[in-house]
file run25.tsv (TSV, C-alpha atoms (C1' of nucleotides))
chain	number	residue	atom	x	y	z
S	235	MET	CA	59.56	71.56	82.34
S	236	ASN	CA	59.88	68.69	79.90
S	237	ASN	CA	63.11	66.92	80.66
S	238	GLU	CA	61.69	63.49	81.43
S	239	GLY	CA	61.77	60.49	79.15
S	240	GLN	CA	64.23	61.01	76.32
S	241	GLU	CA	65.21	57.40	75.67
S	242	ARG	CA	63.35	56.50	72.47
S	243	LYS	CA	63.90	57.44	68.87
S	244	VAL	CA	67.55	56.40	68.82
S	245	GLU	CA	66.90	54.78	65.47
S	246	GLY	CA	65.91	57.94	63.68
S	247	GLN	CA	68.78	59.80	65.23
S	248	GLU	CA	71.17	57.16	63.95
S	249	ARG	CA	69.96	57.71	60.44
S	250	GLU	CA	70.56	61.44	60.67
S	251	LEU	CA	73.94	61.07	62.31
S	252	ARG	CA	75.32	59.05	59.46
S	253	GLY	CA	74.22	61.65	56.94
S	254	VAL	CA	75.66	64.74	58.58
S	255	GLU	CA	77.97	66.70	56.31
S	256	ALA	CA	78.84	70.35	56.47
S	257	ARG	CA	79.61	70.73	52.80
S	258	PRO	CA	77.77	73.58	51.08
S	259	ARG	CA	75.32	73.08	48.26
S	260	ASN	CA	76.73	72.99	44.77
S	261	TRP	CA	80.22	72.63	46.15
S	262	LEU	CA	81.13	70.68	43.04
S	263	VAL	CA	80.72	73.67	40.73
S	264	PRO	CA	83.37	75.95	42.25
S	265	VAL	CA	85.71	73.01	42.69
S	266	ILE	CA	85.47	72.19	39.00
S	267	LEU	CA	85.89	75.82	37.99
S	268	LEU	CA	88.94	76.21	40.17
S	269	SER	CA	90.49	73.11	38.61
S	270	LEU	CA	89.72	74.31	35.11
S	271	ARG	CA	91.20	77.70	35.81
S	272	GLU	CA	94.53	75.99	36.39
S	273	TRP	CA	94.42	73.75	33.36
S	274	ASN	CA	91.88	72.33	30.96
S	275	SER	CA	90.64	68.91	31.90
S	276	TYR	CA	87.90	66.32	31.43
S	277	GLY	CA	85.35	64.52	33.56
S	278	TYR	CA	87.32	61.51	34.59
S	279	GLU	CA	90.30	63.55	35.71
S	280	LEU	CA	88.21	66.20	37.40
S	281	MET	CA	86.57	63.44	39.37
S	282	GLU	CA	89.90	62.56	40.92
S	283	ARG	CA	90.77	66.15	41.65
S	284	ALA	CA	87.39	66.68	43.26
S	285	SER	CA	88.28	64.01	45.81
S	286	ALA	CA	90.78	66.42	47.30
S	287	PHE	CA	87.88	68.71	48.13
S	288	GLY	CA	85.66	66.51	50.19
S	289	PHE	CA	84.16	64.24	47.57
S	290	GLU	CA	85.72	60.94	48.61
S	291	ALA	CA	83.30	58.73	46.75
S	292	MET	CA	82.34	60.88	43.83
S	293	ASN	CA	79.67	59.32	41.71
S	294	PRO	CA	80.46	59.67	37.99
S	295	GLY	CA	76.88	60.43	37.07
S	296	THR	CA	76.71	63.42	39.36
S	297	LEU	CA	79.91	64.90	37.99
S	298	TYR	CA	79.15	64.44	34.32
S	299	ARG	CA	75.67	65.80	34.71
S	300	THR	CA	77.04	68.80	36.58
S	301	LEU	CA	79.53	69.48	33.79
S	302	ARG	CA	76.79	69.42	31.15
S	303	GLN	CA	74.69	71.78	33.20
S	304	MET	CA	77.65	74.09	33.65
S	305	GLU	CA	78.11	74.20	29.90
S	306	LYS	CA	74.43	75.02	29.43
S	307	ASP	CA	74.94	77.87	31.87
S	308	GLY	CA	77.86	79.13	29.83
S	309	ILE	CA	80.53	78.89	32.51
S	310	VAL	CA	82.48	76.13	30.73
S	311	GLU	CA	82.92	74.96	27.14
S	312	SER	CA	83.82	71.57	25.76
S	313	THR	CA	85.21	69.82	22.71
S	314	TRP	CA	85.78	66.14	22.02
S	315	GLU	CA	89.34	64.98	22.12
S	316	THR	CA	89.82	61.92	19.94
S	317	SER	CA	93.45	62.42	18.94
S	318	ARG	CA	94.76	59.75	21.25
S	319	GLY	CA	94.17	56.08	22.02
S	320	GLY	CA	91.38	55.06	24.33
S	321	PRO	CA	87.86	56.41	24.74
S	322	ALA	CA	87.22	59.96	23.60
S	323	ARG	CA	87.44	62.64	26.22
S	324	ARG	CA	85.29	65.69	26.45
S	325	MET	CA	87.79	68.41	27.25
S	326	TYR	CA	86.50	71.33	29.23
S	327	THR	CA	87.65	74.93	29.29
S	328	ILE	CA	86.53	77.64	31.66
S	329	THR	CA	84.90	80.68	30.02
S	330	ASP	CA	85.17	84.31	31.05
S	331	ALA	CA	81.72	83.99	32.52
S	332	GLY	CA	83.02	80.98	34.42
S	333	LYS	CA	85.85	83.01	35.90
S	334	SER	CA	83.43	85.70	37.00
S	335	TYR	CA	81.22	83.04	38.45
S	336	LEU	CA	84.13	81.59	40.39
S	337	ASP	CA	84.91	85.02	41.81
S	338	PHE	CA	81.29	85.35	42.80
S	339	TRP	CA	81.42	81.98	44.49
S	340	ALA	CA	84.60	82.85	46.34
S	341	LYS	CA	82.94	85.93	47.80
S	342	SER	CA	80.02	83.85	48.92
S	343	LEU	CA	82.35	81.29	50.44
S	344	GLU	CA	84.18	83.96	52.32
S	345	GLN	CA	80.92	85.12	53.78
S	346	TYR	CA	80.10	81.56	54.71
S	347	GLN	CA	83.36	81.29	56.58
S	348	HIS	CA	82.46	84.29	58.71
S	349	THR	CA	79.11	82.74	59.46
S	350	MET	CA	80.84	79.58	60.57
S	351	ASP	CA	83.19	81.57	62.73
S	352	ASN	CA	80.16	83.02	64.46
S	353	PHE	CA	78.78	79.55	64.89
S	354	PHE	CA	81.96	78.32	66.52
S	355	ARG	CA	82.20	81.34	68.75
S	356	LEU	CA	78.78	80.52	70.09
S	357	TYR	CA	79.44	76.80	70.17
S	358	THR	CA	82.71	76.90	72.08
S	359	GLY	CA	82.09	80.03	74.09
S	360	ARG	CA	79.79	80.24	77.09
S	361	PRO	CA	77.71	83.34	76.52
S	362	LEU	CA	76.43	84.69	79.87
S	363	GLN	CA	75.63	81.27	81.27
S	364	GLU	CA	76.29	82.17	84.91
S	365	ASP	CA	73.83	85.08	84.68
S	366	LYS	CA	71.12	83.70	82.49
S	367	GLU	CA	70.99	80.07	83.62
S	368	LYS	CA	68.61	78.82	81.01
S	369	LYS	CA	65.58	80.96	80.71
S	370	ASP	CA	62.58	79.23	79.21
S	371	GLU	CA	61.14	82.14	77.42
A	933	MET	CA	79.08	69.62	18.02
A	934	ASN	CA	78.45	71.45	21.19
A	935	ASN	CA	78.97	75.07	20.36
A	936	GLU	CA	75.46	75.97	19.29
A	937	GLY	CA	73.95	79.13	20.66
A	938	GLN	CA	76.65	80.33	22.97
A	939	GLU	CA	75.06	83.74	23.20
A	940	ARG	CA	71.76	82.48	24.40
A	941	LYS	CA	73.35	80.77	27.33
A	942	VAL	CA	73.96	84.05	29.09
A	943	GLU	CA	70.44	83.74	30.34
A	944	GLY	CA	71.03	80.45	32.02
A	945	GLN	CA	74.22	81.74	33.54
A	946	GLU	CA	72.35	84.70	34.90
A	947	ARG	CA	69.96	82.38	36.59
A	948	GLU	CA	72.79	80.49	38.24
A	949	LEU	CA	74.56	83.64	39.29
A	950	ARG	CA	71.61	84.91	41.21
A	951	GLY	CA	71.20	81.60	42.99
A	952	VAL	CA	74.74	81.11	44.22
A	953	GLU	CA	74.93	80.67	47.95
A	954	ALA	CA	77.61	78.90	49.90
A	955	ARG	CA	75.40	77.72	52.70
A	956	PRO	CA	75.85	74.11	53.77
A	957	ARG	CA	73.09	71.59	53.50
A	958	ASN	CA	70.93	71.27	56.57
A	959	TRP	CA	72.44	74.40	58.03
A	960	LEU	CA	69.18	75.03	59.81
A	961	VAL	CA	69.52	71.97	62.05
A	962	PRO	CA	72.76	72.91	63.84
A	963	VAL	CA	71.61	76.52	64.12
A	964	ILE	CA	68.44	75.44	65.87
A	965	LEU	CA	70.30	73.04	68.14
A	966	LEU	CA	72.78	75.72	69.11
A	967	SER	CA	69.95	78.08	69.98
A	968	LEU	CA	68.14	75.44	71.99
A	969	ARG	CA	71.29	74.58	73.88
A	970	GLU	CA	71.26	78.11	75.25
A	971	TRP	CA	67.60	78.23	76.17
A	972	ASN	CA	64.37	76.50	75.27
A	973	SER	CA	62.43	78.18	72.53
A	974	TYR	CA	59.71	77.79	69.91
A	975	GLY	CA	59.40	78.08	66.16
A	976	TYR	CA	58.50	81.70	65.77
A	977	GLU	CA	61.33	82.86	68.00
A	978	LEU	CA	63.84	80.44	66.50
A	979	MET	CA	62.98	81.84	63.12
A	980	GLU	CA	64.23	85.24	64.19
A	981	ARG	CA	67.37	83.84	65.74
A	982	ALA	CA	68.07	81.86	62.59
A	983	SER	CA	68.23	85.10	60.64
A	984	ALA	CA	71.50	85.86	62.36
A	985	PHE	CA	72.98	82.80	60.69
A	986	GLY	CA	72.40	83.52	57.05
A	987	PHE	CA	68.69	82.91	56.74
A	988	GLU	CA	67.59	86.43	55.93
A	989	ALA	CA	64.21	85.49	54.56
A	990	MET	CA	63.43	82.38	56.53
A	991	ASN	CA	60.32	80.66	55.31
A	992	PRO	CA	58.07	79.54	58.18
A	993	GLY	CA	57.17	76.29	56.48
A	994	THR	CA	60.78	75.20	56.17
A	995	LEU	CA	61.51	75.90	59.80
A	996	TYR	CA	58.46	74.23	61.26
A	997	ARG	CA	58.90	71.21	59.08
A	998	THR	CA	62.54	70.95	60.10
A	999	LEU	CA	61.60	71.12	63.77
A	1000	ARG	CA	59.08	68.28	63.41
A	1001	GLN	CA	61.65	66.18	61.60
A	1002	MET	CA	64.20	66.88	64.29
A	1003	GLU	CA	61.76	65.67	66.90
A	1004	LYS	CA	61.17	62.49	64.90
A	1005	ASP	CA	64.91	62.02	64.88
A	1006	GLY	CA	65.04	62.39	68.62
A	1007	ILE	CA	67.32	65.39	68.81
A	1008	VAL	CA	64.66	67.73	70.19
A	1009	GLU	CA	61.45	67.35	72.19
A	1010	SER	CA	58.38	69.54	72.38
A	1011	THR	CA	55.39	70.37	74.54
A	1012	TRP	CA	52.53	72.78	73.98
A	1013	GLU	CA	52.60	75.96	75.99
A	1014	THR	CA	49.11	77.34	76.48
A	1015	SER	CA	49.57	79.06	79.83
A	1016	ARG	CA	49.59	82.53	78.36
A	1017	GLY	CA	47.57	84.75	76.05
A	1018	GLY	CA	47.92	84.47	72.31
A	1019	PRO	CA	48.28	81.41	70.11
A	1020	ALA	CA	49.73	78.29	71.71
A	1021	ARG	CA	53.45	77.76	71.29
A	1022	ARG	CA	55.22	74.49	70.79
A	1023	MET	CA	58.17	74.77	73.12
A	1024	TYR	CA	61.27	72.85	72.13
A	1025	THR	CA	64.04	71.38	74.24
A	1026	ILE	CA	67.28	69.86	73.05
A	1027	THR	CA	67.81	66.21	74.04
A	1028	ASP	CA	71.05	64.50	74.99
A	1029	ALA	CA	71.07	62.95	71.55
A	1030	GLY	CA	70.66	66.45	70.20
A	1031	LYS	CA	73.71	67.66	72.07
A	1032	SER	CA	75.74	64.77	70.70
A	1033	TYR	CA	74.46	65.54	67.27
A	1034	LEU	CA	75.51	69.16	67.61
A	1035	ASP	CA	79.00	68.05	68.64
A	1036	PHE	CA	79.11	65.80	65.63
A	1037	TRP	CA	78.11	68.66	63.41
A	1038	ALA	CA	80.73	70.94	64.88
A	1039	LYS	CA	83.45	68.40	64.11
A	1040	SER	CA	82.24	68.09	60.55
A	1041	LEU	CA	82.15	71.85	60.22
A	1042	GLU	CA	85.67	72.17	61.54
A	1043	GLN	CA	86.91	69.66	59.01
A	1044	TYR	CA	85.14	71.56	56.31
A	1045	GLN	CA	86.79	74.81	57.25
A	1046	HIS	CA	90.14	73.24	56.45
A	1047	THR	CA	88.85	72.16	53.08
A	1048	MET	CA	87.75	75.70	52.38
A	1049	ASP	CA	91.11	77.02	53.47
A	1050	ASN	CA	92.62	74.81	50.80
A	1051	PHE	CA	90.16	76.16	48.32
A	1052	PHE	CA	91.11	79.73	49.06
A	1053	ARG	CA	94.79	78.93	49.02
A	1054	LEU	CA	94.35	77.65	45.48
A	1055	TYR	CA	92.00	80.43	44.52
A	1056	THR	CA	94.27	83.22	45.62
A	1057	GLY	CA	97.22	81.66	43.82
A	1058	ARG	CA	99.20	79.91	46.52
A	1059	PRO	CA	99.68	76.26	45.54
A	1060	LEU	CA	98.53	73.36	47.66
A	1061	GLN	CA	101.10	71.33	49.60
A	1062	GLU	CA	100.68	68.12	47.61
A	1063	ASP	CA	100.34	69.87	44.30
A	1064	LYS	CA	102.76	69.13	41.50
A	1065	GLU	CA	102.84	70.64	38.08
A	1066	LYS	CA	100.93	68.35	35.87
A	1067	LYS	CA	99.63	69.46	32.57
A	1068	ASP	CA	97.13	67.95	30.20
A	1069	GLU	CA	97.10	70.65	27.64
F	274	DA	C1'	87.63	35.98	24.09
F	275	DT	C1'	87.15	38.09	28.18
F	276	DA	C1'	88.58	40.80	31.64
F	277	DC	C1'	89.94	45.30	32.96
F	278	DA	C1'	90.76	50.36	33.12
F	279	DT	C1'	89.27	54.35	31.00
F	280	DA	C1'	85.59	57.49	29.71
F	281	DT	C1'	80.90	59.38	29.26
F	282	DA	C1'	76.19	59.25	30.00
F	283	DT	C1'	70.97	58.25	31.30
F	284	DG	C1'	67.02	56.89	34.35
F	285	DT	C1'	65.02	57.07	38.52
F	286	DA	C1'	64.36	58.03	43.20
F	287	DA	C1'	65.23	60.35	47.41
F	288	DA	C1'	66.36	64.36	49.87
F	289	DA	C1'	66.49	69.34	50.42
F	290	DT	C1'	64.56	73.71	49.45
F	291	DG	C1'	61.35	77.29	48.09
F	292	DC	C1'	56.86	79.22	47.46
F	293	DA	C1'	52.11	79.68	48.20
F	294	DC	C1'	48.50	79.06	50.96
F	295	DA	C1'	45.57	77.51	55.27
F	296	DT	C1'	44.30	77.76	60.14
F	297	DA	C1'	43.68	79.95	64.46
F	298	DG	C1'	44.03	82.83	69.00
F	299	DA	C1'	44.18	87.41	70.79
F	300	DG	C1'	44.30	92.38	70.71
F	301	DT	C1'	42.91	96.81	68.58
F	302	DA	C1'	40.57	100.04	65.69
F	303	DT	C1'	36.06	101.40	63.52
R	712	DA	C1'	30.09	93.20	65.74
R	713	DT	C1'	33.48	93.07	62.08
R	714	DA	C1'	37.55	93.94	60.21
R	715	DC	C1'	42.26	94.13	60.59
R	716	DT	C1'	46.73	92.96	62.37
R	717	DC	C1'	50.20	90.40	64.88
R	718	DT	C1'	51.49	86.15	66.56
R	719	DA	C1'	51.98	81.20	65.86
R	720	DT	C1'	51.90	76.69	63.58
R	721	DG	C1'	51.29	74.17	59.92
R	722	DT	C1'	50.21	71.56	54.75
R	723	DG	C1'	50.63	70.98	49.66
R	724	DC	C1'	53.14	71.14	45.69
R	725	DA	C1'	56.93	71.94	42.57
R	726	DT	C1'	61.66	72.50	41.80
R	727	DT	C1'	66.37	71.74	42.72
R	728	DT	C1'	70.00	68.97	44.38
R	729	DT	C1'	72.00	64.71	45.28
R	730	DA	C1'	72.44	59.71	45.32
R	731	DC	C1'	72.27	55.20	43.36
R	732	DA	C1'	72.06	51.96	39.74
R	733	DT	C1'	72.81	50.94	35.25
R	734	DA	C1'	74.24	51.39	30.13
R	735	DT	C1'	77.54	52.18	26.44
R	736	DA	C1'	82.02	52.26	24.09
R	737	DT	C1'	87.24	52.10	23.29
R	738	DG	C1'	91.68	50.34	23.91
R	739	DT	C1'	95.06	47.12	26.45
R	740	DA	C1'	96.56	43.04	28.75
R	741	DT	C1'	96.11	37.96	29.41
call {"tool": "encode", "arguments": {"input": "run25.tsv", "output": "structure tokens"}}
result
Amino acid sequence: MNNEGQERKVEGQERELRGVEARPRNWLVPVILLSLREWNSYGYELMERASAFGFEAMNPGTLYRTLRQMEKDGIVESTWETSRGGPARRMYTITDAGKSYLDFWAKSLEQYQHTMDNFFRLYTGRPLQEDKEKKDE
Amino acid sequence: MNNEGQERKVEGQERELRGVEARPRNWLVPVILLSLREWNSYGYELMERASAFGFEAMNPGTLYRTLRQMEKDGIVESTWETSRGGPARRMYTITDAGKSYLDFWAKSLEQYQHTMDNFFRLYTGRPLQEDKEKKDE
DNA sequence: ATACATATATGTAAAATGCACATAGAGTAT
DNA sequence: ATACTCTATGTGCATTTTACATATATGTAT
């Protein structure tokens, strides 16, 4: 019914294609909490650990701002560490609320995985194609 | 220096807790494309189908705006359908670029599933392959 | 001294998302 | 007729999330 003339607009498509990323929103928060549950740490180090979870080019600003927000929300706590050479570090610790929050996140992530399984089942499978053959309405 | 009012922060944490959702960014786009790959459709119907993919309370505005943007990006095309009773429908068709885009998304999603597997492996207590014991505190 | 790695942070803008509201055709009840 | 409801598509605005650029400071190596 409308399959003619689909040559234009390659430019806009290009823009979108570059930006495609399947990472969930706020991914950084659970990643930080998981790291802090293992051992206390600070921004600069957490930035490196975050790389292992899909943040190749982590921008410092984003991470530090996220940490401050997390502290405001009560899921982490921080103290300055000045007892060594070099610039002071703000050491972070996960709170009990943070652990609960991480559990909450994990549940949500699990759900997300099921949703993605459904997506792939539809994507790779061929649901009734020989019967339906593309109905338009 | 940063321990003021820890009790008050429960409120902020509450706010975050309610809002936690592990949906990926732009989730709506691949869901629409997947639907359109099966059969042509229009906003109102796509809205219902999207519910099956984690959009319980889909807002019309978000969906319609997304569809228009997708057309600008060349991954879908639309024509008005006025040949029947009731309000006119804008019927959407997936383009070749749209199919490529969906494939691209699927690859990204697959990659992300591995990342989440790593997350869960760490969360549930089983160490990551490349993980060494390394302590800061 | 100046260059570099470490370390934290702000300012601003763009993108994504959510919420409220606006418009309109068609059918049905009063 | 008019009021009401269901279908259907949209705009406006604010907030949230994310990205990008830049600023500051401390210690070490050259």
call {"tool": "closest_residue", "arguments": {"input": "run25.tsv", "among": "A:Pro956, A:Gly975, A:Pro962, A:Gly993", "to": "DC294 (chain F)", "atoms": "all atoms listed in the file"}}
result
A:Gly993
call {"tool": "closest_residue", "arguments": {"input": "run25.tsv", "among": "S:Gly308, S:Leu297, S:Gly320, S:Arg355", "to": "chain A", "atoms": "all atoms listed in the file"}}
result
S:Gly308
call {"tool": "interface_residues", "arguments": {"input": "run25.tsv", "of": "chain A", "to": "chain F", "cutoff": "9 Å", "atoms": "all atoms listed in the file", "output": "VMD selection string"}}
result
chain A and resid 957 to 958 991 994 1017 to 1020
call {"tool": "atom_distance", "arguments": {"input": "run25.tsv", "atom1": "CA of Leu343 (chain S)", "atom2": "CA of Tyr278 (chain S)"}}
result
25.8 Å
call {"tool": "atom_distance", "arguments": {"input": "run25.tsv", "atom1": "CA of Pro294 (chain S)", "atom2": "CA of Asp1049 (chain A)"}}
result
25.6 Å
call {"tool": "closest_atom_pairs", "arguments": {"input": "run25.tsv", "of": "chain R", "to": "chain S", "cutoff": "10 Å", "atoms": "all atoms listed in the file", "output": "JSON lines"}}
result
{"residue": "R:DT728", "atom": "C1'", "partner": "S:Arg259", "partner_atom": "CA", "distance": 7.8}
{"residue": "R:DT729", "atom": "C1'", "partner": "S:Thr296", "partner_atom": "CA", "distance": 7.7}
{"residue": "R:DA730", "atom": "C1'", "partner": "S:Asn293", "partner_atom": "CA", "distance": 8.1}
{"residue": "R:DC731", "atom": "C1'", "partner": "S:Asn293", "partner_atom": "CA", "distance": 8.6}
{"residue": "R:DA736", "atom": "C1'", "partner": "S:Pro321", "partner_atom": "CA", "distance": 7.2}
{"residue": "R:DT737", "atom": "C1'", "partner": "S:Pro321", "partner_atom": "CA", "distance": 4.6}
{"residue": "R:DG738", "atom": "C1'", "partner": "S:Gly320", "partner_atom": "CA", "distance": 4.7}
{"residue": "R:DT739", "atom": "C1'", "partner": "S:Gly320", "partner_atom": "CA", "distance": 9.0}
call {"tool": "atom_distance", "arguments": {"input": "run25.tsv", "atom1": "CA of Leu965 (chain A)", "atom2": "CA of Arg257 (chain S)"}}
result
18.1 Å
call {"tool": "residues_around", "arguments": {"input": "run25.tsv", "residues": "Thr1025 (chain A)", "least_positions_apart": "5", "cutoff": "7 Å", "atoms": "only C-alpha atoms (C1' of nucleotides)", "output": "list in words"}}
result
Leu968, Asn972, Val1008, Glu1009 and Ser1010 of chain A
call {"tool": "closest_residue", "arguments": {"input": "run25.tsv", "among": "A:Ser1040, A:Ser1032, A:Ser1015, A:Thr1056", "to": "chain S", "atoms": "all atoms listed in the file"}}
result
A:Ser1040
call {"tool": "closest_residue", "arguments": {"input": "run25.tsv", "among": "S:Leu262, S:Leu301, S:Ile328, S:Leu268", "to": "chain A", "atoms": "only C-alpha atoms"}}
result
S:Leu268
call {"tool": "closest_residue", "arguments": {"input": "run25.tsv", "among": "A:Ile964, A:Met990, A:Ala954, A:Met1023", "to": "chain S", "atoms": "only C-alpha atoms"}}
result
A:Ala954
call {"tool": "axis_aligned_box", "arguments": {"input": "run25.tsv", "around": "region 727-739 of chain R", "padding_each_side": "6 Å", "output": "AutoDock Vina command-line options"}}
result
--center_x 80.7 --center_y 59.4 --center_z 34.3 --size_x 40.7 --size_y 36.6 --size_z 34.0
call {"tool": "closest_residue", "arguments": {"input": "run25.tsv", "among": "A:Arg1021, A:Trp1012, A:Thr1027, A:Arg997", "to": "chain S", "atoms": "all atoms listed in the file"}}
result
A:Thr1027
